[in-house]
There are 2 protein chains.
Amino acid sequence: MPHINLPEGYPGIRSLFMYSPDTALPLNNLVQTLLHDPATSTLTPGERELIATYTSSLNDCTYCANTHGAIAKYQLNGDDHAVKDLLAKNVDSALVSEKMKALLHIAAKVQQGGKKVTEQDIARARDEGATDKEIHDTVLITAAFCMFNRYVDGLATWAPDDASVYDAIGKQRASEGYMTKPFLVK
Amino acid sequence: MPHINLPEGYPGIRSLFMYSPDTALPLNNLVQTLLHDPATSTLTPGERELIATYTSSLNDCTYCANTHGAIAKYQLNGDDHAVKDLLAKNVDSALVSEKMKALLHIAAKVQQGGKKVTEQDIARARDEGATDKEIHDTVLITAAFCMFNRYVDGLATWAPDDASVYDAIGKQRASEGYMTKPFLVK
């Protein structure tokens, strides 16, 4: 049961967006830019959703990990091999590029704390072809999901058990992005 | 030295806002709503800045702790007793209300992870007069600073040693809010 009185029938962060539309708007603008818009990053939407999925899995946030795992699958044309690897927190054997492995290694450090990232972590990502902007985007996506995961679990929102709920959200968000209902009801 | 090539001469998150204006806009809209706008919370801007200061201190983020500590001081009419207590991570003896102590106790749990918050933590805050919305705002402010702190330190931005820099930022942000230059240069 949620720690505060949230609108019933909406899972996870959807219930919080209904409860607090003032903060829902900038939060959705943030994920739209960070994860969905093709022009704002040279990482693909699928790669960015994988970073969100992995961070949420490291934070044991069931709702966010399943939701962004489902969105990643749809952004990757239905291929869920990498999603399954990252939900299981297996980066080294994941079906992703060496550049993505290096970026996910940085994500795992940021999840623990910003100061955990070393010059060696950055050098490895550069050696695998990551640009400054891709390193920036990885750090900010991970940091943002350290926020979203805490928001969702800190208020004990509802995480459905039914996999079809996450699949439906995944399909919707991969197609529409983050600025459509029921996220923004204002 | 920062991990990526950031504009010189701008400390902390200011250098990141210059580097990535696409994400600077929603991030500043978020703090404007969460911390500064009087109408969006029944916690005062000073109380909200104290939660940001405490979270940043728990995350050992020098730039954010000093910046929001300075903003809190100006929002509290120059009284920096509570700021000093929270920079030293001393909640129990801090010069704040019992309601604020209970909310800061929730903040300390959220900083560790969303699932650390217990029903007892929530009950204590309610017993001290906290509303659902104040509990919500505390969780989201703390979660947001778990993001900002990781963004600032994960890219190893510059944290000035000079206390007058933080004082100047504190005076500016307490007065102008978060939507003015040099944060938003687009």
# chains A, B, ... in the order shown; residues from 1 in each chain; ligands from 1
>>> residues_around(residues="Thr23 in chain A", least_positions_apart="3", cutoff="8 Å", atoms="only C-alpha atoms", output="list of chain:residue names")
A:Phe17, A:Ser20, A:Pro26, A:Leu27, B:Leu30, B:Thr33, B:Leu34
>>> write_last_selection(atoms="N, CA, C and O atoms", output="PDB file, in the first residue's frame")
ATOM      1  N   PHE A  17       2.362  11.051 -10.917  1.00  0.00           N
ATOM      2  CA  PHE A  17       2.124  12.126 -11.886  1.00  0.00           C
ATOM      3  C   PHE A  17       0.693  12.646 -11.772  1.00  0.00           C
ATOM      4  O   PHE A  17       0.440  13.840 -11.937  1.00  0.00           O
ATOM      5  N   SER A  20       0.688  14.757  -8.442  1.00  0.00           N
ATOM      6  CA  SER A  20       1.461  16.009  -8.436  1.00  0.00           C
ATOM      7  C   SER A  20       1.772  16.477  -9.853  1.00  0.00           C
ATOM      8  O   SER A  20       2.902  16.359 -10.343  1.00  0.00           O
ATOM      9  N   PRO A  26       7.818  18.905 -15.652  1.00  0.00           N
ATOM     10  CA  PRO A  26       9.267  18.897 -15.897  1.00  0.00           C
ATOM     11  C   PRO A  26       9.881  17.496 -15.876  1.00  0.00           C
ATOM     12  O   PRO A  26      10.837  17.235 -16.618  1.00  0.00           O
ATOM     13  N   LEU A  27       9.346  16.586 -15.058  1.00  0.00           N
ATOM     14  CA  LEU A  27       9.905  15.223 -15.021  1.00  0.00           C
ATOM     15  C   LEU A  27       9.694  14.517 -16.363  1.00  0.00           C
ATOM     16  O   LEU A  27      10.587  13.825 -16.848  1.00  0.00           O
TER      17      LEU A  27
ATOM     18  N   LEU B  30      12.249  21.857 -12.891  1.00  0.00           N
ATOM     19  CA  LEU B  30      11.976  20.967 -11.754  1.00  0.00           C
ATOM     20  C   LEU B  30      12.366  21.628 -10.423  1.00  0.00           C
ATOM     21  O   LEU B  30      11.565  21.651  -9.484  1.00  0.00           O
ATOM     22  N   THR B  33      10.040  24.554  -9.406  1.00  0.00           N
ATOM     23  CA  THR B  33       8.768  24.083  -8.835  1.00  0.00           C
ATOM     24  C   THR B  33       8.967  23.441  -7.466  1.00  0.00           C
ATOM     25  O   THR B  33       8.216  23.709  -6.524  1.00  0.00           O
ATOM     26  N   LEU B  34       9.994  22.596  -7.367  1.00  0.00           N
ATOM     27  CA  LEU B  34      10.204  21.823  -6.139  1.00  0.00           C
ATOM     28  C   LEU B  34      10.677  22.674  -4.970  1.00  0.00           C
ATOM     29  O   LEU B  34      10.297  22.440  -3.828  1.00  0.00           O
TER      30      LEU B  34
END
>>> residues_around(residues="Tyr74 in chain B", least_positions_apart="4", cutoff="12 Å", atoms="only C-alpha atoms", output="CSV table (one decimal) with N, CA, C and O atoms, in the first residue's frame")
chain,number,residue,atom,x,y,z
B,45,PRO,N,10.1,27.7,1.2
B,45,PRO,CA,11.3,27.5,0.4
B,45,PRO,C,12.5,27.3,1.2
B,45,PRO,O,13.4,26.5,0.9
B,46,GLY,N,12.6,27.9,2.4
B,46,GLY,CA,13.7,27.7,3.3
B,46,GLY,C,13.8,26.2,3.8
B,46,GLY,O,14.8,25.6,3.8
B,47,GLU,N,12.6,25.7,4.2
B,47,GLU,CA,12.6,24.3,4.6
B,47,GLU,C,12.9,23.3,3.4
B,47,GLU,O,13.7,22.3,3.6
B,49,GLU,N,14.8,24.0,0.8
B,49,GLU,CA,16.3,24.1,0.6
B,49,GLU,C,17.1,23.4,1.7
B,49,GLU,O,18.2,22.8,1.4
B,50,LEU,N,16.6,23.3,2.9
B,50,LEU,CA,17.3,22.5,3.9
B,50,LEU,C,17.3,21.0,3.6
B,50,LEU,O,18.3,20.3,3.8
B,67,THR,N,26.1,25.2,-2.1
B,67,THR,CA,25.2,26.0,-2.8
B,67,THR,C,23.8,26.1,-2.2
B,67,THR,O,23.3,27.2,-1.9
B,68,HIS,N,23.2,24.9,-1.9
B,68,HIS,CA,21.9,25.0,-1.4
B,68,HIS,C,21.9,25.4,0.1
B,68,HIS,O,20.9,25.9,0.6
B,69,GLY,N,23.0,25.1,0.8
B,69,GLY,CA,23.1,25.7,2.1
B,69,GLY,C,23.1,27.2,2.1
B,69,GLY,O,22.4,27.8,3.0
B,70,ALA,N,23.8,27.8,1.1
B,70,ALA,CA,23.8,29.2,1.0
B,70,ALA,C,22.4,29.8,0.6
B,70,ALA,O,21.9,30.8,1.2
B,78,GLY,N,18.9,34.9,6.6
B,78,GLY,CA,20.2,35.0,7.1
B,78,GLY,C,20.6,34.1,8.2
B,78,GLY,O,21.8,34.1,8.6
B,79,ASP,N,19.6,33.4,8.8
B,79,ASP,CA,19.9,32.5,9.9
B,79,ASP,C,20.5,31.2,9.3
B,79,ASP,O,19.9,30.4,8.7
B,80,ASP,N,21.8,30.9,9.7
B,80,ASP,CA,22.4,29.7,9.1
B,80,ASP,C,22.7,28.6,10.2
B,80,ASP,O,23.4,27.7,9.9
B,81,HIS,N,22.0,28.7,11.3
B,81,HIS,CA,22.2,27.7,12.3
B,81,HIS,C,21.7,26.3,11.8
B,81,HIS,O,22.5,25.3,12.0
B,83,VAL,N,21.4,25.3,8.8
B,83,VAL,CA,22.2,24.9,7.6
B,83,VAL,C,23.5,24.3,8.2
B,83,VAL,O,23.9,23.2,7.7
B,166,TYR,N,29.8,30.5,-3.2
B,166,TYR,CA,28.6,29.9,-2.8
B,166,TYR,C,27.6,31.0,-2.2
B,166,TYR,O,26.4,30.9,-2.5
B,167,ASP,N,28.2,31.9,-1.5
B,167,ASP,CA,27.3,33.0,-0.9
B,167,ASP,C,26.7,33.8,-2.0
B,167,ASP,O,25.5,34.1,-1.9
B,168,ALA,N,27.4,34.1,-3.1
B,168,ALA,CA,26.9,34.9,-4.2
B,168,ALA,C,25.8,34.1,-4.9
B,168,ALA,O,24.7,34.6,-5.3
B,169,ILE,N,26.0,32.8,-5.1
B,169,ILE,CA,25.0,32.0,-5.8
B,169,ILE,C,23.7,31.9,-4.9
B,169,ILE,O,22.6,32.0,-5.4
B,170,GLY,N,24.0,31.7,-3.6
B,170,GLY,CA,22.9,31.6,-2.6
B,170,GLY,C,22.0,32.8,-2.7
B,170,GLY,O,20.8,32.8,-2.7
B,171,LYS,N,22.6,34.0,-2.7
B,171,LYS,CA,21.9,35.3,-2.7
B,171,LYS,C,21.1,35.4,-4.0
B,171,LYS,O,19.9,35.8,-4.0
B,172,GLN,N,21.7,35.1,-5.1
B,172,GLN,CA,21.1,35.2,-6.4
B,172,GLN,C,19.9,34.2,-6.5
B,172,GLN,O,18.8,34.7,-6.9
B,173,ARG,N,20.1,33.0,-6.2
B,173,ARG,CA,19.0,32.0,-6.4
B,173,ARG,C,17.8,32.2,-5.4
B,173,ARG,O,16.7,32.0,-5.8
B,174,ALA,N,18.1,32.6,-4.2
B,174,ALA,CA,17.1,32.9,-3.2
B,174,ALA,C,16.2,34.0,-3.7
B,174,ALA,O,15.0,34.0,-3.5
B,175,SER,N,16.8,35.0,-4.3
B,175,SER,CA,16.1,36.1,-4.8
B,175,SER,C,15.4,35.9,-6.2
B,175,SER,O,14.2,36.2,-6.3
B,176,GLU,N,16.1,35.3,-7.1
B,176,GLU,CA,15.6,35.2,-8.5
B,176,GLU,C,15.0,33.9,-8.8
B,176,GLU,O,14.3,33.8,-9.9
B,177,GLY,N,15.2,32.9,-8.0
B,177,GLY,CA,14.8,31.5,-8.4
B,177,GLY,C,15.8,30.9,-9.3
B,177,GLY,O,16.9,31.4,-9.5
>>> calpha_fit_rmsd(fixed="chain B", moving="chain A")
0.0 Å
>>> atom_distance(atom1="CA of Ile122 in chain A", atom2="CA of Asn28 in chain B")
26.9 Å
>>> closest_residue(among="A:Ser93, A:Thr142, A:Thr180, A:Thr55", to="chain B", atoms="only C-alpha atoms")
A:Thr142
>>> residues_around(residues="Lys116 in chain A", least_positions_apart="4", cutoff="12 Å", atoms="only C-alpha atoms", output="list in words")
His105, Ile106, Ala107, Ala108, Lys109, Val110, Gln111, Gln112, Gln120, Asp121, Ile122 and Val139 of chain A; Asn59, Asp60, Arg150, Tyr151, Asp153, Gly154, Leu155 and Ala156 of chain B
>>> write_last_selection(atoms="N, CA and C atoms", output="short mmCIF file (atom, residue, chain, number, x, y, z; two decimals), in the first residue's frame")
data_model
loop_
_atom_site.label_atom_id
_atom_site.label_comp_id
_atom_site.auth_asym_id
_atom_site.auth_seq_id
_atom_site.Cartn_x
_atom_site.Cartn_y
_atom_site.Cartn_z
N HIS A 105 29.18 0.19 -17.41
CA HIS A 105 30.12 0.12 -16.28
C HIS A 105 30.16 1.47 -15.54
N ILE A 106 30.16 2.55 -16.31
CA ILE A 106 30.08 3.90 -15.69
C ILE A 106 28.74 4.05 -14.96
N ALA A 107 27.67 3.57 -15.58
CA ALA A 107 26.34 3.67 -14.94
C ALA A 107 26.33 2.97 -13.58
N ALA A 108 26.97 1.80 -13.50
CA ALA A 108 27.00 1.05 -12.24
C ALA A 108 27.75 1.84 -11.16
N LYS A 109 28.77 2.61 -11.57
CA LYS A 109 29.50 3.45 -10.61
C LYS A 109 28.62 4.62 -10.15
N VAL A 110 27.98 5.27 -11.10
CA VAL A 110 27.12 6.43 -10.76
C VAL A 110 25.98 5.99 -9.84
N GLN A 111 25.46 4.80 -10.08
CA GLN A 111 24.37 4.30 -9.22
C GLN A 111 24.82 4.24 -7.76
N GLN A 112 26.09 3.86 -7.55
CA GLN A 112 26.62 3.82 -6.17
C GLN A 112 26.88 5.22 -5.62
N GLN A 120 39.89 5.91 -15.10
CA GLN A 120 40.04 4.66 -15.86
C GLN A 120 38.69 4.25 -16.48
N ASP A 121 37.61 4.43 -15.73
CA ASP A 121 36.28 4.13 -16.28
C ASP A 121 36.01 4.96 -17.54
N ILE A 122 36.36 6.25 -17.45
CA ILE A 122 36.15 7.17 -18.58
C ILE A 122 37.06 6.78 -19.76
N VAL A 139 25.79 9.35 -17.71
CA VAL A 139 25.80 9.78 -16.31
C VAL A 139 24.47 10.41 -15.94
N ASN B 59 25.23 12.86 0.52
CA ASN B 59 25.89 12.34 -0.68
C ASN B 59 27.31 12.89 -0.85
N ASP B 60 27.77 13.66 0.12
CA ASP B 60 29.12 14.26 0.07
C ASP B 60 29.36 15.05 -1.20
N ARG B 150 24.70 13.17 -8.18
CA ARG B 150 25.39 12.21 -9.05
C ARG B 150 25.80 12.84 -10.38
N TYR B 151 24.97 13.74 -10.88
CA TYR B 151 25.28 14.43 -12.15
C TYR B 151 26.54 15.30 -11.96
N ASP B 153 28.91 15.18 -9.49
CA ASP B 153 30.14 14.46 -9.11
C ASP B 153 30.50 13.36 -10.09
N GLY B 154 29.51 12.78 -10.76
CA GLY B 154 29.79 11.71 -11.73
C GLY B 154 30.59 12.21 -12.92
N LEU B 155 30.52 13.51 -13.19
CA LEU B 155 31.33 14.09 -14.26
C LEU B 155 32.47 14.94 -13.70
N ALA B 156 32.67 14.86 -12.39
CA ALA B 156 33.81 15.51 -11.72
C ALA B 156 33.90 17.01 -12.02
#
>>> closest_residue(among="B:Gly129, B:Ala39, B:Leu86, B:Gly114", to="chain A", atoms="only C-alpha atoms")
B:Gly114
>>> atom_distance(atom1="CA of Ala88 in chain A", atom2="CA of Tyr54 in chain A")
8.6 Å
>>> atom_distance(atom1="CA of His36 in chain B", atom2="CA of Asp22 in chain A")
12.6 Å
>>> select_by_dssp(residues="chain B", states="helix (DSSP H, G or I)", output="PyMOL selection string")
chain B and resi 12-19+21-36+38-40+45-58+62-75+81-87+98-112+114-116+119-127+132-154+163-176
>>> residues_around(residues="Ala65 in chain A", least_positions_apart="6", cutoff="6 Å", atoms="only C-alpha atoms", output="MDAnalysis selection string")
chainID A and resid 53 56:57
>>> closest_residue(among="B:Glu98, B:Asp92, B:Glu128, B:Asp137", to="chain A", atoms="only C-alpha atoms")
B:Asp137
>>> residues_around(residues="Tyr10 in chain A", least_positions_apart="3", cutoff="12 Å", atoms="only C-alpha atoms", output="list in words")
Pro2, Leu6, Pro7, Ile13, Arg14, Ser15, Leu16, Phe17, Met18, Tyr19, Tyr63, Thr157, Trp158, Ala159, Pro160, Val165, Ile169, Lys181, Pro182 and Phe183 of chain A
>>> write_last_selection(atoms="N, CA and C atoms", output="short mmCIF file (atom, residue, chain, number, x, y, z; two decimals), in the first residue's frame")
data_model
loop_
_atom_site.label_atom_id
_atom_site.label_comp_id
_atom_site.auth_asym_id
_atom_site.auth_seq_id
_atom_site.Cartn_x
_atom_site.Cartn_y
_atom_site.Cartn_z
N PRO A 2 0.55 2.23 -0.84
CA PRO A 2 1.38 3.45 -0.89
C PRO A 2 1.42 4.16 0.47
N LEU A 6 -2.76 8.04 -2.79
CA LEU A 6 -2.59 8.29 -4.23
C LEU A 6 -3.84 7.84 -4.99
N PRO A 7 -4.07 8.42 -6.20
CA PRO A 7 -5.20 7.98 -7.02
C PRO A 7 -5.12 6.48 -7.29
N ILE A 13 4.92 5.31 -11.16
CA ILE A 13 5.06 6.77 -11.25
C ILE A 13 3.82 7.40 -11.85
N ARG A 14 2.98 6.61 -12.54
CA ARG A 14 1.75 7.20 -13.08
C ARG A 14 0.86 7.75 -11.97
N SER A 15 0.81 7.03 -10.83
CA SER A 15 0.00 7.52 -9.71
C SER A 15 0.58 8.82 -9.14
N LEU A 16 1.92 8.95 -9.18
CA LEU A 16 2.57 10.15 -8.67
C LEU A 16 2.38 11.33 -9.62
N PHE A 17 2.36 11.05 -10.92
CA PHE A 17 2.12 12.13 -11.89
C PHE A 17 0.69 12.65 -11.77
N MET A 18 -0.25 11.75 -11.48
CA MET A 18 -1.63 12.18 -11.26
C MET A 18 -1.70 13.02 -9.98
N TYR A 19 -0.98 12.58 -8.95
CA TYR A 19 -1.03 13.25 -7.64
C TYR A 19 -0.40 14.64 -7.69
N TYR A 63 8.95 -1.60 -10.66
CA TYR A 63 8.12 -0.90 -11.63
C TYR A 63 8.96 -0.27 -12.74
N THR A 157 4.74 3.02 -4.15
CA THR A 157 3.69 2.93 -5.16
C THR A 157 3.48 1.48 -5.60
N TRP A 158 2.38 1.27 -6.30
CA TRP A 158 1.95 -0.06 -6.73
C TRP A 158 2.74 -0.52 -7.95
N ALA A 159 3.40 -1.69 -7.82
CA ALA A 159 4.08 -2.32 -8.96
C ALA A 159 3.30 -3.57 -9.34
N PRO A 160 2.55 -3.53 -10.46
CA PRO A 160 1.74 -4.69 -10.85
C PRO A 160 2.59 -5.94 -11.05
N VAL A 165 0.87 -5.63 -18.29
CA VAL A 165 0.77 -4.20 -17.98
C VAL A 165 2.03 -3.47 -18.46
N ILE A 169 2.58 -0.61 -21.49
CA ILE A 169 3.24 0.69 -21.28
C ILE A 169 4.44 0.81 -22.22
N LYS A 181 -1.04 11.33 -22.42
CA LYS A 181 -1.80 10.76 -21.31
C LYS A 181 -1.51 9.29 -21.17
N PRO A 182 -1.67 8.70 -19.95
CA PRO A 182 -2.18 9.33 -18.73
C PRO A 182 -1.10 9.97 -17.88
N PHE A 183 0.10 10.21 -18.42
CA PHE A 183 1.13 10.85 -17.60
C PHE A 183 0.76 12.29 -17.29
#
>>> closest_residue(among="B:Cys64, B:Ala130, B:Ala163, B:Ile135", to="Ser97 in chain B", atoms="only C-alpha atoms")
B:Ala130
>>> closest_residue(among="A:Gln32, A:Asn66, A:Asn77, A:Ser41", to="Asp161 in chain A", atoms="only C-alpha atoms")
A:Asn66
